[in-house]
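Chemist: Below is the file model07.cif, with mmCIF, C-alpha atoms.
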```
data_start
#
loop_
_atom_site.label_atom_id
_atom_site.label_comp_id
_atom_site.auth_asym_id
_atom_site.auth_seq_id
_atom_site.Cartn_x
_atom_site.Cartn_y
_atom_site.Cartn_z
CA MET Q 1 -87.89 -111.87 -179.03
CA ASN Q 2 -85.02 -109.67 -177.95
CA SER Q 3 -84.72 -106.52 -179.93
CA LEU Q 4 -81.67 -104.33 -180.19
CA GLN Q 5 -83.45 -101.48 -178.43
CA ASN Q 6 -83.75 -103.39 -175.15
CA TYR Q 7 -80.00 -104.00 -175.02
CA LEU Q 8 -79.29 -100.35 -175.87
CA LEU Q 9 -81.68 -99.15 -173.16
CA LEU Q 10 -80.06 -101.48 -170.62
CA SER Q 11 -76.59 -100.31 -171.53
CA SER Q 12 -77.57 -96.64 -171.36
CA LEU Q 13 -79.03 -97.32 -167.91
CA LEU Q 14 -75.73 -98.98 -166.89
CA PHE Q 15 -73.83 -95.97 -168.26
CA SER Q 16 -76.01 -93.56 -166.26
CA ILE Q 17 -75.55 -95.58 -163.05
CA GLY Q 18 -71.77 -95.51 -163.57
CA LEU Q 19 -71.84 -91.79 -164.37
CA ALA Q 20 -73.89 -91.05 -161.25
CA GLY Q 21 -71.46 -93.09 -159.13
CA ALA Q 22 -68.43 -91.38 -160.65
CA LEU Q 23 -69.98 -87.96 -160.02
CA ILE Q 24 -71.41 -88.29 -156.53
CA ARG Q 25 -69.33 -90.85 -154.59
CA ARG Q 26 -66.70 -89.50 -152.18
CA ASN Q 27 -64.47 -92.60 -152.11
CA ALA Q 28 -61.91 -92.42 -154.94
CA ILE Q 29 -61.91 -96.22 -155.45
CA LEU Q 30 -65.67 -96.23 -156.01
CA VAL Q 31 -65.34 -93.38 -158.51
CA LEU Q 32 -62.91 -95.61 -160.43
CA ILE Q 33 -65.44 -98.46 -160.26
CA GLY Q 34 -68.06 -96.11 -161.71
CA ILE Q 35 -65.75 -95.46 -164.66
CA GLU Q 36 -65.37 -99.24 -165.10
CA LEU Q 37 -69.18 -99.52 -165.20
CA MET Q 38 -69.33 -96.95 -167.99
CA LEU Q 39 -66.74 -98.96 -169.97
CA ASN Q 40 -68.86 -102.08 -169.42
CA ALA Q 41 -71.90 -100.30 -170.84
CA ALA Q 42 -69.90 -99.47 -173.96
CA ASN Q 43 -68.80 -103.12 -174.26
CA LEU Q 44 -72.41 -104.29 -174.01
CA ASN Q 45 -73.29 -101.90 -176.83
CA LEU Q 46 -70.45 -103.28 -178.98
CA ILE Q 47 -71.55 -106.88 -178.48
CA ALA Q 48 -75.22 -106.06 -179.11
CA PHE Q 49 -74.44 -104.21 -182.35
CA TRP Q 50 -72.20 -107.09 -183.44
CA ARG Q 51 -74.96 -109.64 -182.80
CA PHE Q 52 -77.68 -107.63 -184.57
CA GLY Q 53 -75.42 -106.34 -187.33
CA PRO Q 54 -75.56 -107.46 -190.96
CA ASN Q 55 -72.27 -109.39 -190.91
CA PRO Q 56 -71.62 -111.10 -187.55
CA ALA Q 57 -69.08 -113.49 -189.08
CA ALA Q 58 -66.54 -110.64 -189.37
CA LEU Q 59 -65.86 -110.77 -185.58
CA THR Q 60 -65.16 -107.03 -185.38
CA GLY Q 61 -67.48 -106.41 -182.43
CA ILE Q 62 -65.89 -109.23 -180.44
CA MET Q 63 -62.40 -107.91 -181.18
CA PHE Q 64 -63.40 -104.40 -180.11
CA ALA Q 65 -64.85 -105.76 -176.88
CA ILE Q 66 -61.75 -107.85 -176.09
CA PHE Q 67 -59.38 -104.92 -176.64
CA SER Q 68 -61.67 -102.64 -174.64
CA ILE Q 69 -61.68 -105.10 -171.71
CA SER Q 70 -57.85 -105.23 -171.80
CA ILE Q 71 -57.59 -101.44 -171.79
CA ALA Q 72 -60.06 -101.27 -168.89
CA ALA Q 73 -57.92 -103.73 -166.91
CA ALA Q 74 -54.77 -101.64 -167.53
CA GLU Q 75 -56.67 -98.51 -166.55
CA ALA Q 76 -57.88 -100.11 -163.31
CA ALA Q 77 -54.35 -101.16 -162.36
CA VAL Q 78 -52.83 -97.73 -163.02
CA GLY Q 79 -55.77 -95.91 -161.40
CA LEU Q 80 -55.60 -97.95 -158.21
CA GLY Q 81 -51.81 -97.38 -158.12
CA ILE Q 82 -52.38 -93.63 -158.35
CA ILE Q 83 -55.03 -93.83 -155.59
CA LEU Q 84 -52.56 -95.71 -153.35
CA ALA Q 85 -49.86 -93.08 -153.99
CA ALA Q 86 -52.31 -90.25 -153.27
CA TYR Q 87 -53.46 -92.02 -150.10
CA ARG Q 88 -49.88 -92.31 -148.89
CA HIS Q 89 -49.47 -88.58 -149.46
CA SER Q 90 -52.73 -87.22 -148.05
CA LYS Q 91 -53.84 -90.10 -145.75
CA THR Q 92 -57.36 -90.14 -147.17
CA THR Q 93 -59.33 -91.44 -150.15
CA ASP Q 94 -62.11 -88.91 -149.56
CA LEU Q 95 -62.24 -86.79 -152.70
CA ASP Q 96 -63.81 -83.82 -150.90
CA ARG Q 97 -60.76 -83.68 -148.63
CA MET Q 98 -58.19 -84.16 -151.43
CA ASN Q 99 -58.34 -80.52 -152.41
CA SER Q 100 -54.68 -79.59 -152.67
CA LEU Q 101 -52.41 -79.98 -155.68
CA ARG Q 102 -49.24 -78.98 -153.83
CA GLY Q 103 -46.69 -81.70 -153.31
CA MET E 1 -88.23 -109.79 -175.02
CA ASN E 2 -87.99 -113.05 -173.18
CA VAL E 3 -87.82 -113.99 -169.52
CA SER E 4 -84.07 -114.61 -169.36
CA PHE E 5 -83.26 -111.15 -170.68
CA ILE E 6 -85.55 -109.52 -168.11
CA LEU E 7 -84.04 -111.55 -165.26
CA LEU E 8 -80.45 -110.78 -166.33
CA ALA E 9 -81.27 -107.09 -166.80
CA ILE E 10 -82.79 -106.91 -163.30
CA ILE E 11 -79.75 -108.67 -161.77
CA THR E 12 -77.35 -106.35 -163.61
CA VAL E 13 -79.15 -103.10 -162.79
CA VAL E 14 -79.80 -104.00 -159.13
CA GLY E 15 -76.19 -105.15 -158.63
CA THR E 16 -74.60 -102.08 -160.19
CA ALA E 17 -77.02 -99.67 -158.51
CA ALA E 18 -76.24 -101.29 -155.15
CA ALA E 19 -72.52 -101.01 -155.97
CA MET E 20 -72.89 -97.28 -156.46
CA GLY E 21 -75.30 -96.66 -153.58
CA MET E 22 -74.22 -98.74 -150.58
CA ARG E 23 -72.33 -97.28 -147.66
CA ASN E 24 -69.63 -99.89 -146.94
CA ALA E 25 -67.03 -99.92 -149.74
CA VAL E 26 -66.39 -103.69 -149.51
CA HIS E 27 -70.13 -104.35 -149.83
CA CYS E 28 -70.10 -102.09 -152.90
CA VAL E 29 -67.44 -104.22 -154.59
CA LEU E 30 -69.31 -107.43 -153.73
CA ALA E 31 -72.48 -105.98 -155.29
CA LEU E 32 -70.40 -104.93 -158.29
CA THR E 33 -69.32 -108.55 -158.90
CA VAL E 34 -73.01 -109.55 -159.07
CA GLY E 35 -73.72 -106.80 -161.59
CA LEU E 36 -70.71 -107.62 -163.76
CA ALA E 37 -71.57 -111.33 -163.69
CA GLY E 38 -74.99 -110.28 -165.00
CA VAL E 39 -73.29 -108.43 -167.86
CA ALA E 40 -71.20 -111.55 -168.58
CA ALA E 41 -74.39 -113.62 -168.72
CA LEU E 42 -75.83 -111.10 -171.19
CA TYR E 43 -72.74 -111.61 -173.39
CA LEU E 44 -73.31 -115.36 -173.23
CA GLN E 45 -76.96 -114.82 -174.16
CA LEU E 46 -75.87 -112.77 -177.18
CA GLY E 47 -73.65 -115.62 -178.39
CA ALA E 48 -70.27 -114.11 -177.51
CA GLN E 49 -68.99 -116.90 -175.31
CA PHE E 50 -65.33 -115.90 -175.37
CA VAL E 51 -66.08 -112.31 -174.33
CA GLY E 52 -68.40 -113.55 -171.58
CA PHE E 53 -65.77 -115.78 -170.00
CA THR E 54 -63.13 -113.07 -170.44
CA GLN E 55 -65.46 -110.69 -168.61
CA ILE E 56 -65.85 -113.15 -165.73
CA MET E 57 -62.08 -113.71 -165.46
CA VAL E 58 -61.02 -110.07 -165.83
CA TYR E 59 -63.76 -108.20 -163.98
CA VAL E 60 -65.27 -110.63 -161.49
CA GLY E 61 -61.85 -112.15 -160.86
CA ALA E 62 -59.09 -109.58 -161.22
CA VAL E 63 -60.56 -106.09 -161.05
CA ALA E 64 -62.86 -106.82 -158.09
CA ILE E 65 -60.04 -108.38 -156.08
CA LEU E 66 -57.76 -105.45 -156.98
CA ALA E 67 -60.44 -103.01 -155.76
CA VAL E 68 -60.92 -104.96 -152.50
CA PHE E 69 -57.14 -104.91 -151.91
CA ALA E 70 -57.03 -101.15 -152.54
CA ILE E 71 -59.97 -100.57 -150.17
CA MET E 72 -58.28 -102.62 -147.45
CA MET E 73 -54.92 -100.86 -147.92
CA THR E 74 -56.52 -97.42 -147.74
CA HIS E 75 -58.86 -98.22 -144.85
CA SER E 76 -58.61 -95.37 -142.40
CA PRO E 77 -58.75 -96.30 -138.71
CA GLU E 78 -60.66 -93.16 -137.75
CA PRO E 79 -64.10 -94.03 -136.36
CA ALA E 80 -65.81 -90.87 -137.68
CA LYS E 81 -67.97 -91.81 -140.66
CA PRO E 82 -68.00 -89.21 -143.42
CA PRO E 83 -71.11 -88.98 -145.59
CA THR E 84 -71.17 -91.46 -148.46
CA PHE E 85 -72.07 -88.97 -151.16
CA SER E 86 -70.37 -85.78 -152.20
CA SER E 87 -71.66 -82.34 -151.25
CA PHE E 88 -73.02 -81.70 -154.75
CA TRP E 89 -74.79 -85.05 -155.11
CA THR E 90 -78.05 -83.48 -156.33
CA VAL E 91 -76.30 -81.91 -159.33
CA GLY E 92 -74.54 -85.19 -160.15
CA SER E 93 -77.79 -87.17 -159.94
CA VAL E 94 -79.59 -84.67 -162.16
CA VAL E 95 -76.77 -84.81 -164.75
CA ALA E 96 -76.81 -88.64 -164.79
CA ALA E 97 -80.61 -88.79 -165.02
CA SER E 98 -80.69 -86.28 -167.86
CA VAL E 99 -77.99 -88.22 -169.73
CA PHE E 100 -80.13 -91.34 -169.41
CA ALA E 101 -83.23 -89.43 -170.53
CA VAL E 102 -81.47 -88.11 -173.66
CA LEU E 103 -80.06 -91.55 -174.53
CA ALA E 104 -83.40 -93.28 -173.97
CA TRP E 105 -85.18 -90.68 -176.10
CA ALA E 106 -82.62 -91.11 -178.90
CA ILE E 107 -82.92 -94.92 -178.79
CA HIS E 108 -86.72 -94.77 -178.67
CA SER E 109 -87.03 -92.39 -181.62
CA SER E 110 -84.55 -94.27 -183.81
CA SER E 111 -85.49 -96.83 -186.43
CA LEU E 112 -83.67 -99.69 -184.70
CA ALA E 113 -86.86 -101.62 -183.97
CA ALA E 114 -86.94 -102.77 -187.58
CA HIS E 115 -83.81 -104.86 -187.01
CA THR E 116 -84.50 -108.54 -186.77
CA LEU E 117 -82.20 -111.02 -185.08
CA PRO E 118 -79.95 -112.69 -187.67
CA PRO E 119 -79.22 -116.40 -187.25
CA GLN E 120 -76.79 -117.28 -184.49
CA PRO E 121 -73.24 -117.04 -185.87
CA GLU E 122 -70.89 -119.88 -185.06
CA VAL E 123 -67.93 -118.26 -183.33
CA THR E 124 -65.26 -120.62 -182.09
CA VAL E 125 -62.18 -119.74 -180.07
CA GLN E 126 -60.11 -120.97 -183.02
CA GLN E 127 -61.67 -118.30 -185.25
CA ILE E 128 -60.92 -115.62 -182.67
CA GLY E 129 -57.33 -116.82 -182.39
CA ASP E 130 -56.95 -116.84 -186.17
CA ALA E 131 -58.29 -113.29 -186.39
CA LEU E 132 -55.99 -112.15 -183.58
CA MET E 133 -52.98 -113.71 -185.29
CA HIS E 134 -53.71 -112.48 -188.82
CA ARG E 135 -55.97 -109.48 -189.20
CA PHE E 136 -55.54 -107.97 -185.72
CA VAL E 137 -51.91 -108.87 -185.04
CA LEU E 138 -50.72 -105.24 -184.80
CA PRO E 139 -53.39 -104.22 -182.24
CA LEU E 140 -52.57 -107.39 -180.31
CA GLU E 141 -48.88 -106.47 -180.11
CA LEU E 142 -49.77 -102.90 -179.13
CA MET E 143 -52.04 -104.29 -176.41
CA GLY E 144 -49.17 -106.37 -175.05
CA LEU E 145 -46.96 -103.27 -175.00
CA LEU E 146 -49.71 -101.26 -173.26
CA LEU E 147 -50.27 -103.95 -170.62
CA THR E 148 -46.53 -104.21 -169.92
CA ALA E 149 -46.24 -100.42 -169.59
CA ALA E 150 -49.32 -100.32 -167.34
CA LEU E 151 -47.94 -103.10 -165.12
CA ILE E 152 -44.55 -101.44 -164.69
CA GLY E 153 -46.14 -98.01 -164.29
CA ALA E 154 -48.59 -99.17 -161.63
CA VAL E 155 -45.77 -100.79 -159.62
CA VAL E 156 -43.57 -97.69 -159.91
CA ILE E 157 -46.39 -95.32 -158.94
CA ALA E 158 -47.54 -97.39 -155.98
CA MET E 159 -44.00 -98.17 -154.76
CA ASN E 160 -42.81 -96.58 -151.54
CA HIS E 161 -40.09 -94.07 -152.46
CA ARG E 162 -39.15 -93.17 -148.90
CA GLU E 163 -35.90 -95.17 -148.81
CA GLU E 164 -34.55 -93.45 -151.91
CA ILE E 165 -35.11 -89.98 -150.49
CA LYS E 166 -33.07 -90.66 -147.37
#
```
Would you put the structure from the file into structure tokens?

Modeler:
Amino acid sequence: MNSLQNYLLLSSLLFSIGLAGALIRRNAILVLIGIELMLNAANLNLIAFWRFGPNPAALTGIMFAIFSISIAAAEAAVGLGIILAAYRHSKTTDLDRMNSLRG
Amino acid sequence: MNVSFILLAIITVVGTAAAMGMRNAVHCVLALTVGLAGVAALYLQLGAQFVGFTQIMVYVGAVAILAVFAIMMTHSPEPAKPPTFSSFWTVGSVVAASVFAVLAWAIHSSSLAAHTLPPQPEVTVQQIGDALMHRFVLPLELMGLLLTAALIGAVVIAMNHREEIK
């Protein structure tokens, strides 16, 4: 018997892994991937609450998850474009060495 | 709590933790695809087939390949290997662990355990399409606008402007 609490615990663990990656990795691309992991944890929460909710026939959780996945895809495309532009400027993706805001 | 949930949870957590902890960036993305496929399988287990297959197509297909391309385009030829983690990695780990502790405490002390699993709803792709075309048609159009703007914006940002400057 799967209870809602197991899914919520799993998704909070996923969120913490993504947060740790976004905070401690030096590679900018992997920081972006950590943010994607946090979005995935939120999606898992949405689907779990939809499935265990009182009215699953309303499809609201599924719609939220679909729109959230689309926004995450747009965010990944724009973020990787920004990382490529910053790499062309500073010749590194190491966030500890990207410490200048001057153009 | 059945066996399939435990297996999928282990696959997901191990894959994502390896994606955030390994040294080689390409290996990280490959581990990430395993973790995200585990999340997609969890969606399928919860009865959201459409979202599960969307997850596989968008994340395991598109986002992972995009990340691999970005890693290969930004690969620096210098042989010196910088440390994988940032200089303040202890603070970041403590923050992430305390966030998980607070969330786990909140989930544990809530009254969610009383929820029982309702019968499996029958969700067909036709129903999702009907909802997208009637009730959610304005968000759908906004999403198309957002994706178009993101596509054009990503191309413009990543484009090489050197010829225009000369």

Chemist: What does the distance between CA of Gln126 in chain E and CA of Gln49 in chain E come to in Å, to one decimal place?

Modeler: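 Those two atoms sit 12.4 Å apart.
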
Chemist: Please identify every residue of chain Q that has at least one atom no more than 6 Å from any atom of chain E, counting all atoms listed in the file, and report them as a PyMOL selection string.

Modeler: chain Q and resi 1-2+16+19-21+23-26+52+74+78+81+84-85

Chemist: List as a CSV table (one decimal) with C-alpha atoms, keeping the file's coordinate frame the protein and nucleic acid residues near Thr92 in chain Q, meaning an atom at most 10 Å away when only C-alpha atoms are counted, but skip any in the same chain fewer than 3 places from it.

Modeler:
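Saved as around-v7.csv:
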```csv
chain,number,residue,atom,x,y,z
Q,27,ASN,CA,-64.5,-92.6,-152.1
Q,28,ALA,CA,-61.9,-92.4,-154.9
Q,83,ILE,CA,-55.0,-93.8,-155.6
Q,84,LEU,CA,-52.6,-95.7,-153.4
Q,86,ALA,CA,-52.3,-90.2,-153.3
Q,87,TYR,CA,-53.5,-92.0,-150.1
Q,88,ARG,CA,-49.9,-92.3,-148.9
Q,89,HIS,CA,-49.5,-88.6,-149.5
Q,95,LEU,CA,-62.2,-86.8,-152.7
Q,96,ASP,CA,-63.8,-83.8,-150.9
Q,97,ARG,CA,-60.8,-83.7,-148.6
Q,98,MET,CA,-58.2,-84.2,-151.4
E,74,THR,CA,-56.5,-97.4,-147.7
E,75,HIS,CA,-58.9,-98.2,-144.8
E,76,SER,CA,-58.6,-95.4,-142.4
```

Chemist: For the atom pair CA of Gly18 in chain Q and CA of Pro56 in chain Q, what is the interatomic distance in Å to one decimal place?

Modeler: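 Rounded to one decimal, the two atoms are 28.6 Å apart.
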
Chemist: Applied to this file, what does the PyMOL selection byres ((chain Q and resi 37) around 8) return in terms of residues, put as a VMD selection string?

Modeler: (chain Q and resid 14 to 15 17 to 18 33 to 36 38 to 41) or (chain E and resid 16)

Chemist: Just write the chosen residues, C-alpha atoms, as a PDB file, keeping the file's coordinate frame.

Modeler:
```pdb
ATOM      1  CA  LEU Q  14     -75.730 -98.980-166.890  1.00  0.00           C
ATOM      2  CA  PHE Q  15     -73.830 -95.970-168.260  1.00  0.00           C
ATOM      3  CA  ILE Q  17     -75.550 -95.580-163.050  1.00  0.00           C
ATOM      4  CA  GLY Q  18     -71.770 -95.510-163.570  1.00  0.00           C
ATOM      5  CA  ILE Q  33     -65.440 -98.460-160.260  1.00  0.00           C
ATOM      6  CA  GLY Q  34     -68.060 -96.110-161.710  1.00  0.00           C
ATOM      7  CA  ILE Q  35     -65.750 -95.460-164.660  1.00  0.00           C
ATOM      8  CA  GLU Q  36     -65.370 -99.240-165.100  1.00  0.00           C
ATOM      9  CA  MET Q  38     -69.330 -96.950-167.990  1.00  0.00           C
ATOM     10  CA  LEU Q  39     -66.740 -98.960-169.970  1.00  0.00           C
ATOM     11  CA  ASN Q  40     -68.860-102.080-169.420  1.00  0.00           C
ATOM     12  CA  ALA Q  41     -71.900-100.300-170.840  1.00  0.00           C
TER      13      ALA Q  41
ATOM     14  CA  THR E  16     -74.600-102.080-160.190  1.00  0.00           C
TER      15      THR E  16
END
```

Chemist: Could you jot down the CA of Ala42 in chain Q to CA of Ser11 in chain Q separation for me, Å, one decimal place?

Modeler: 7.2 Å

Chemist: Would you kindly return, as a PyMOL selection string, each protein, DNA or RNA residue with an atom no farther than 8 Å from any atom of Tyr7 in chain Q, considering all atoms listed in the file and excluding same-chain residues fewer than 3 positions away?

Modeler: chain Q and resi 3-4+10-11+44-45+48
